[in-house]
Every structure is written in structure tokens, then in C-alpha cells.
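Engineer: Following this line is protein_5.cif, made up of mmCIF, C-alpha atoms:
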```
data_structure
#
loop_
_atom_site.label_atom_id
_atom_site.label_comp_id
_atom_site.auth_asym_id
_atom_site.auth_seq_id
_atom_site.Cartn_x
_atom_site.Cartn_y
_atom_site.Cartn_z
CA MET S 25 2.01 -8.84 12.31
CA TYR S 26 0.29 -7.54 9.15
CA GLU S 27 1.18 -10.66 7.17
CA GLU S 28 -0.48 -12.83 9.83
CA ILE S 29 -3.63 -10.67 9.74
CA THR S 30 -3.73 -10.90 5.93
CA GLU S 31 -3.41 -14.68 6.08
CA GLN S 32 -6.12 -15.00 8.76
CA ALA S 33 -8.48 -12.87 6.65
CA ARG S 34 -7.65 -14.83 3.49
CA GLN S 35 -8.26 -18.17 5.20
CA ALA S 36 -11.57 -16.98 6.66
CA VAL S 37 -12.88 -15.67 3.33
CA LEU S 38 -11.88 -18.87 1.54
CA GLU S 39 -13.81 -20.94 4.09
CA ILE S 40 -16.87 -18.73 3.73
CA ILE S 41 -16.74 -18.84 -0.08
CA GLU S 42 -16.67 -22.63 0.08
CA LYS S 43 -19.26 -23.14 2.83
CA ALA S 44 -21.66 -20.54 1.43
CA LYS S 45 -21.17 -21.85 -2.13
CA LEU S 46 -20.69 -18.30 -3.39
CA LYS S 47 -20.62 -17.77 -7.12
CA GLU S 48 -19.89 -15.02 -9.60
CA GLY S 49 -22.14 -12.02 -9.09
CA ASP S 50 -22.86 -12.74 -5.40
CA ILE S 51 -22.30 -10.02 -2.80
CA PHE S 52 -20.08 -10.50 0.26
CA VAL S 53 -20.42 -7.98 3.11
CA THR S 54 -17.50 -7.25 5.42
CA GLY S 55 -17.81 -5.39 8.70
CA CYS S 56 -14.44 -4.66 10.25
CA SER S 57 -13.20 -2.80 13.29
CA SER S 58 -9.47 -2.26 12.90
CA SER S 59 -9.48 -1.00 16.50
CA THR S 60 -10.68 -4.34 17.87
CA VAL S 61 -8.23 -6.22 15.66
CA SER S 62 -5.50 -4.36 17.55
CA GLY S 63 -7.14 -5.22 20.89
CA LYS S 64 -8.62 -1.77 21.53
CA SER S 65 -12.21 -0.51 21.91
CA PHE S 66 -14.37 0.33 18.88
CA GLY S 67 -13.35 3.56 17.20
CA SER S 68 -10.43 4.24 19.53
CA ALA S 69 -7.50 3.12 17.39
CA SER S 70 -8.53 3.12 13.74
CA SER S 71 -5.65 1.76 11.66
CA MET S 72 -5.29 2.06 7.91
CA GLU S 73 -2.44 -0.48 8.05
CA ILE S 74 -4.58 -3.12 9.75
CA ALA S 75 -7.49 -2.39 7.40
CA GLN S 76 -5.17 -2.73 4.40
CA ALA S 77 -3.86 -6.07 5.71
CA ILE S 78 -7.42 -7.41 6.06
CA PHE S 79 -8.46 -5.99 2.68
CA ASP S 80 -5.40 -7.67 1.10
CA GLY S 81 -6.58 -11.02 2.47
CA ILE S 82 -10.22 -10.68 1.44
CA TYR S 83 -10.53 -8.65 -1.75
CA PRO S 84 -8.26 -10.59 -4.14
CA GLU S 85 -10.08 -13.85 -3.31
CA LEU S 86 -13.47 -12.26 -3.98
CA LYS S 87 -12.41 -10.36 -7.09
CA SER S 88 -10.79 -13.41 -8.72
CA ARG S 89 -14.16 -15.22 -8.42
CA GLY S 90 -16.31 -12.31 -9.59
CA ILE S 91 -17.86 -11.83 -6.13
CA TYR S 92 -18.63 -8.25 -5.12
CA LEU S 93 -17.22 -6.83 -1.88
CA ALA S 94 -19.58 -4.69 0.20
CA ALA S 95 -17.72 -2.86 2.99
CA GLN S 96 -19.87 -1.78 5.90
CA CYS S 97 -19.11 1.68 7.24
CA CYS S 98 -19.18 2.46 10.95
CA GLU S 99 -22.12 3.99 12.78
CA HIS S 100 -20.97 7.55 12.00
CA LEU S 101 -22.20 6.86 8.45
CA ASN S 102 -25.21 4.83 9.64
CA ARG S 103 -23.56 1.58 8.56
CA ALA S 104 -23.73 2.58 4.88
CA ILE S 105 -22.11 0.27 2.35
CA ILE S 106 -19.23 0.85 -0.05
CA THR S 107 -19.35 -1.46 -3.06
CA GLU S 108 -18.84 -1.50 -6.81
CA LYS S 109 -21.37 0.56 -8.73
CA ALA S 110 -22.35 -2.62 -10.64
CA ALA S 111 -23.32 -4.36 -7.38
CA ALA S 112 -25.43 -1.38 -6.33
CA GLU S 113 -27.13 -1.33 -9.72
CA LYS S 114 -27.70 -5.09 -9.58
CA GLN S 115 -29.84 -4.58 -6.48
CA ASN S 116 -31.36 -1.32 -7.75
CA ARG S 117 -29.83 0.63 -4.85
CA GLU S 118 -29.77 4.41 -4.92
CA GLU S 119 -26.33 5.91 -4.42
CA VAL S 120 -25.72 8.34 -1.57
CA ASN S 121 -23.04 11.01 -1.48
CA VAL S 122 -20.39 10.22 1.11
CA VAL S 123 -16.70 9.42 1.06
CA PRO S 124 -15.64 7.33 4.07
CA GLN S 125 -12.70 8.44 6.20
CA PRO S 126 -10.85 6.48 8.91
CA LYS S 127 -12.75 8.26 11.72
CA ALA S 128 -16.06 8.63 9.85
CA GLY S 129 -16.85 5.43 8.01
CA GLY S 130 -13.91 3.38 9.19
CA SER S 131 -10.52 2.36 7.87
CA PHE S 132 -11.74 -0.75 6.03
CA ALA S 133 -14.48 1.16 4.18
CA THR S 134 -11.96 3.90 3.38
CA ILE S 135 -9.51 1.40 1.87
CA THR S 136 -12.35 -0.20 -0.08
CA TYR S 137 -13.55 3.15 -1.45
CA ARG S 138 -10.02 4.06 -2.52
CA THR S 139 -9.38 0.69 -4.19
CA LEU S 140 -12.55 -0.29 -6.05
CA GLU S 141 -12.67 0.56 -9.76
CA HIS S 142 -16.07 2.27 -9.57
CA PRO S 143 -16.97 2.71 -5.88
CA ALA S 144 -20.51 3.54 -4.85
CA ALA S 145 -21.96 4.31 -1.44
CA VAL S 146 -25.44 2.98 -0.70
CA GLU S 147 -27.52 2.90 2.47
CA HIS S 148 -28.49 -0.78 2.26
CA ILE S 149 -27.60 -3.97 0.44
CA LYS S 150 -28.74 -7.59 0.74
CA ALA S 151 -25.58 -9.69 0.70
CA ASP S 152 -25.37 -13.43 0.11
CA ALA S 153 -22.76 -13.97 2.83
CA GLY S 154 -20.41 -12.02 5.01
CA ILE S 155 -17.85 -11.71 7.75
CA ASP S 156 -18.02 -9.67 10.93
CA ILE S 157 -14.57 -8.86 12.27
CA GLY S 158 -14.80 -7.46 15.76
CA GLY S 159 -18.54 -7.56 16.43
CA VAL S 160 -19.69 -4.68 14.25
CA LEU S 161 -23.02 -6.37 13.41
CA ILE S 162 -23.38 -7.01 9.67
CA GLY S 163 -26.83 -8.60 9.93
CA MET S 164 -28.67 -5.57 8.57
CA HIS S 165 -26.88 -6.08 5.25
CA LEU S 166 -27.60 -9.80 4.77
CA LYS S 167 -30.57 -11.31 2.98
CA GLU S 168 -33.42 -12.21 5.33
CA VAL S 169 -32.52 -15.78 6.28
CA ALA S 170 -28.96 -15.74 7.62
CA VAL S 171 -27.33 -19.04 8.56
CA PRO S 172 -24.31 -18.84 10.91
CA LEU S 173 -21.12 -20.49 9.66
CA THR S 174 -18.51 -22.14 11.87
CA LEU S 175 -14.99 -21.31 10.73
CA THR S 176 -11.61 -22.60 11.81
CA VAL S 177 -10.51 -18.94 11.92
CA LYS S 178 -11.96 -17.67 15.20
CA ARG S 179 -10.00 -14.41 15.42
CA ILE S 180 -8.27 -11.94 13.17
CA GLY S 181 -5.69 -10.27 15.32
CA GLU S 182 -7.45 -9.73 18.64
CA ALA S 183 -10.94 -9.44 17.11
CA ASN S 184 -13.54 -12.20 17.24
CA VAL S 185 -14.81 -13.38 13.86
CA THR S 186 -18.34 -14.45 13.03
CA SER S 187 -19.78 -15.17 9.62
CA ALA S 188 -22.97 -16.15 7.88
CA ARG S 189 -24.40 -17.25 4.58
CA THR S 190 -27.97 -16.78 3.48
CA ARG S 191 -30.56 -19.13 2.06
CA ALA S 192 -33.96 -18.90 0.46
CA LYS S 193 -36.92 -18.79 2.87
CA PHE S 194 -38.76 -22.02 3.52
CA ILE S 195 -42.47 -21.41 3.03
CA GLY S 196 -45.46 -23.71 3.26
CA GLY S 197 -46.42 -26.23 5.84
CA GLU S 198 -46.00 -29.90 6.63
CA ARG S 199 -46.93 -30.94 3.08
CA ALA S 200 -44.37 -28.61 1.46
CA VAL S 201 -41.43 -30.12 -0.40
CA TYR S 202 -38.13 -28.23 -0.50
CA ASP S 203 -35.25 -28.09 -2.97
CA ASP S 204 -32.20 -29.38 -1.04
CA SER S 205 -29.84 -27.44 -3.32
CA MET S 206 -31.25 -24.17 -1.86
CA LYS S 207 -30.55 -24.98 1.82
#
```
What's the C-alpha cells form of this structure?
Structural biologist:
Amino acid sequence: MYEEITEQARQAVLEIIEKAKLKEGDIFVTGCSSSTVSGKSFGSASSMEIAQAIFDGIYPELKSRGIYLAAQCCEHLNRAIITEKAAAEKQNREEVNVVPQPKAGGSFATITYRTLEHPAAVEHIKADAGIDIGGVLIGMHLKEVAVPLTLTVKRIGEANVTSARTRAKFIGGERAVYDDSMK
């Protein structure tokens, strides 16, 4: 079962990287409910094994491309973010003092904190793209103009998957001309 979850997560992140045209230095937010992946209600069946399987599908693909992972914590930590210190510094984000746990932060954020070279917790980040595994609502951590992506991977385990990329705002009026490479 864990191998299938890892492969589903890997396939989803590869699609998002391609469709969002992510590049080195970009930030990718992941919200993940291991409980919903197992078919249970939010927060009722937190699983380090499921979180590890998802992390194993996502993180190596991001890291090999120089893309920062930002793991969204659960509501017990106000949806704080765990990311590399360099990503936090890149966005001039002030660190907060918290260490996520499976029942206070979530299993995925806990795995991320334990694995990153220089983990940092921050209250907010503005990611370039992301994945929401199980309906945990990552929108607060995306840049302002989020564009939904359609993936072939619709579920990871029993959890629904949604994803988005971001784009620059269009400003101006009917006479404005836009750069198609920024859409």
C-alpha cells in the first residue's frame, strides 16, 4: 500500500512541476492529511507511515530540481509552514518556535521537520505552486493569483487531490498588453 501512495504522490508532483513550469528556487507547498489518505476523518488517524510514503514521493523530485518544499501544519499550529531556512529567508519570513508532532502539526509536517537539512517554522509563505492532499486548504500559502491545475492523479490513497500554480497579476485595462510567458 505504501509503495502505491509513494508512486501516486510522485506522479502528482511531477505533473505539477511540469504544468506550473517550476524552476530552481521556487517554493512548493504541500498540505496533507494522512488520516484522509487512509479513508478516515481529519485528525482521527494520523499516520507517520503514510506521511513518510507521501514525503518519499514528493521531496526527492523537488530537491533534485532545487525547489523548496513548504509543509503546511494542521490547524493546531494555525497552518504554520515547515520549510528550509533558506526558503524562509528568501521571502524574509520571521521564524517561529514550534516543532510539529503527529497530533499537533501533523504527520507530514513532522516528517518534513525531521528530514530537512535546516528546517524552519514560519507563519506564512507565498508559494509558487502546491498540492492539497485531503482538502486541508493550502490557498493561504499560495501567491495571490492561484490557477487550478487538472492532474491525472485524482486521489492519493483515499484522499482527494487538488493542486494549483500561481501567476503574476494582470493589471491595466482593455489597452493593456500582457507577456504570454507569465500566464
Engineer: Tell me, in Å to one decimal, how far atom CA of Gly129 of chain S is from atom CA of Leu101 of chain S.
Structural biologist: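 Those two atoms sit 5.6 Å apart.
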Engineer: Take atom CA of Lys45 of chain S and atom CA of Thr136 of chain S and report the distance between them in Å, one decimal.
Structural biologist: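 Atom CA of Thr136 of chain S lies 23.5 Å from atom CA of Lys45 of chain S.
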Engineer: Pick out the closest residue to Ala104 of chain S from this set: S:Arg138, S:Lys207, S:His148, S:Arg199. Count all atoms listed in the file.
Structural biologist: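 Ranked by minimum distance to Ala104 of chain S, first place goes to S:His148.
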Engineer: List the neighbours of segment 156-159 of chain S out to 8 Å using all atoms listed in the file; skip same-chain residues closer than 4 positions along the sequence, and give me the result as an MDAnalysis selection string.
Structural biologist: chainID S and resid 54:58 60:61 179:180 183:187
Engineer: Okay, now the selection with C-alpha atoms, as a PDB file, in the coordinates of the input?
Structural biologist:
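Written output follows (result03.pdb):
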```pdb
ATOM      1  CA  THR S  54     -17.500  -7.250   5.420  1.00  0.00           C
ATOM      2  CA  GLY S  55     -17.810  -5.390   8.700  1.00  0.00           C
ATOM      3  CA  CYS S  56     -14.440  -4.660  10.250  1.00  0.00           C
ATOM      4  CA  SER S  57     -13.200  -2.800  13.290  1.00  0.00           C
ATOM      5  CA  SER S  58      -9.470  -2.260  12.900  1.00  0.00           C
ATOM      6  CA  THR S  60     -10.680  -4.340  17.870  1.00  0.00           C
ATOM      7  CA  VAL S  61      -8.230  -6.220  15.660  1.00  0.00           C
ATOM      8  CA  ARG S 179     -10.000 -14.410  15.420  1.00  0.00           C
ATOM      9  CA  ILE S 180      -8.270 -11.940  13.170  1.00  0.00           C
ATOM     10  CA  ALA S 183     -10.940  -9.440  17.110  1.00  0.00           C
ATOM     11  CA  ASN S 184     -13.540 -12.200  17.240  1.00  0.00           C
ATOM     12  CA  VAL S 185     -14.810 -13.380  13.860  1.00  0.00           C
ATOM     13  CA  THR S 186     -18.340 -14.450  13.030  1.00  0.00           C
ATOM     14  CA  SER S 187     -19.780 -15.170   9.620  1.00  0.00           C
TER      15      SER S 187
END
```
Engineer: Check the smallest atom-to-atom distance from each of S:Ser65, S:Gln32, S:Gln115, S:Gln125 to Lys150 of chain S using all atoms listed in the file, then report the winner.
Structural biologist: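 Once distances to Lys150 of chain S are computed over all atoms listed in the file, the minimum belongs to S:Gln115.
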Engineer: Taking (-15.5, -20.7, 2.2) in the file's coordinates as the center, which residues reach within 12 Å of it, counting all atoms listed in the file, put as a PyMOL selection string?
Structural biologist: chain S and resi 33-47+52+82+85-86+153-155+173-177+187-189
Engineer: Kindly resolve the PyMOL selection byres ((chain S and resi 79) around 8) on the present coordinates and return the residues as a PyMOL selection string.
Structural biologist: chain S and resi 30+33+75-78+80-83+132+135-136
Engineer: With only C-alpha atoms as the basis for distance, which of S:Ile105, S:Ala133, S:Val201, S:Ile195 is at the shortest distance from Arg117 of chain S?
Structural biologist: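 Closest residue, counting only C-alpha atoms: S:Ile105.
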Engineer: Please indicate the distance in Å from atom CA of Met164 of chain S to atom CA of Asp203 of chain S, rounded to one decimal place.
Structural biologist: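 Distance between the two atoms: 26.1 Å.
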Engineer: Step by step: locate segment 187-201 of chain S in the block above, keep N, CA and C atoms, then write the file as an mmCIF file, in the first residue's frame.
Structural biologist:
```cif
data_model
loop_
_atom_site.group_PDB
_atom_site.id
_atom_site.type_symbol
_atom_site.label_atom_id
_atom_site.label_comp_id
_atom_site.auth_asym_id
_atom_site.auth_seq_id
_atom_site.Cartn_x
_atom_site.Cartn_y
_atom_site.Cartn_z
ATOM 1 N N SER S 187 -4.697 20.815 -6.845
ATOM 2 C CA SER S 187 -3.400 21.491 -6.955
ATOM 3 C C SER S 187 -3.586 22.816 -7.679
ATOM 4 N N ALA S 188 -2.557 23.640 -7.552
ATOM 5 C CA ALA S 188 -2.605 24.957 -8.193
ATOM 6 C C ALA S 188 -1.194 25.440 -8.465
ATOM 7 N N ARG S 189 -1.115 26.315 -9.442
ATOM 8 C CA ARG S 189 0.097 27.084 -9.697
ATOM 9 C C ARG S 189 -0.291 28.538 -9.481
ATOM 10 N N THR S 190 0.668 29.415 -9.536
ATOM 11 C CA THR S 190 0.348 30.836 -9.424
ATOM 12 C C THR S 190 0.858 31.563 -10.661
ATOM 13 N N ARG S 191 0.353 32.752 -10.865
ATOM 14 C CA ARG S 191 0.824 33.585 -11.966
ATOM 15 C C ARG S 191 0.842 35.024 -11.509
ATOM 16 N N ALA S 192 1.540 35.849 -12.260
ATOM 17 C CA ALA S 192 1.563 37.276 -11.982
ATOM 18 C C ALA S 192 0.170 37.858 -12.205
ATOM 19 N N LYS S 193 -0.177 38.893 -11.452
ATOM 20 C CA LYS S 193 -1.463 39.570 -11.631
ATOM 21 C C LYS S 193 -1.503 40.257 -12.985
ATOM 22 N N PHE S 194 -2.664 40.242 -13.622
ATOM 23 C CA PHE S 194 -2.894 41.060 -14.798
ATOM 24 C C PHE S 194 -3.401 42.406 -14.290
ATOM 25 N N ILE S 195 -2.773 43.481 -14.698
ATOM 26 C CA ILE S 195 -3.260 44.804 -14.309
ATOM 27 C C ILE S 195 -3.462 45.631 -15.569
ATOM 28 N N GLY S 196 -4.200 46.685 -15.458
ATOM 29 C CA GLY S 196 -4.463 47.539 -16.611
ATOM 30 C C GLY S 196 -5.868 47.315 -17.123
ATOM 31 N N GLY S 197 -6.132 47.832 -18.249
ATOM 32 C CA GLY S 197 -7.463 47.739 -18.827
ATOM 33 C C GLY S 197 -7.414 47.154 -20.216
ATOM 34 N N GLU S 198 -8.381 47.565 -21.032
ATOM 35 C CA GLU S 198 -8.527 46.988 -22.366
ATOM 36 C C GLU S 198 -7.371 47.318 -23.294
ATOM 37 N N ARG S 199 -6.601 48.341 -22.990
ATOM 38 C CA ARG S 199 -5.446 48.687 -23.834
ATOM 39 C C ARG S 199 -4.152 48.021 -23.355
ATOM 40 N N ALA S 200 -4.204 47.342 -22.232
ATOM 41 C CA ALA S 200 -3.011 46.694 -21.671
ATOM 42 C C ALA S 200 -2.558 45.533 -22.561
ATOM 43 N N VAL S 201 -1.268 45.348 -22.620
ATOM 44 C CA VAL S 201 -0.673 44.227 -23.345
ATOM 45 C C VAL S 201 0.027 43.365 -22.309
#
```
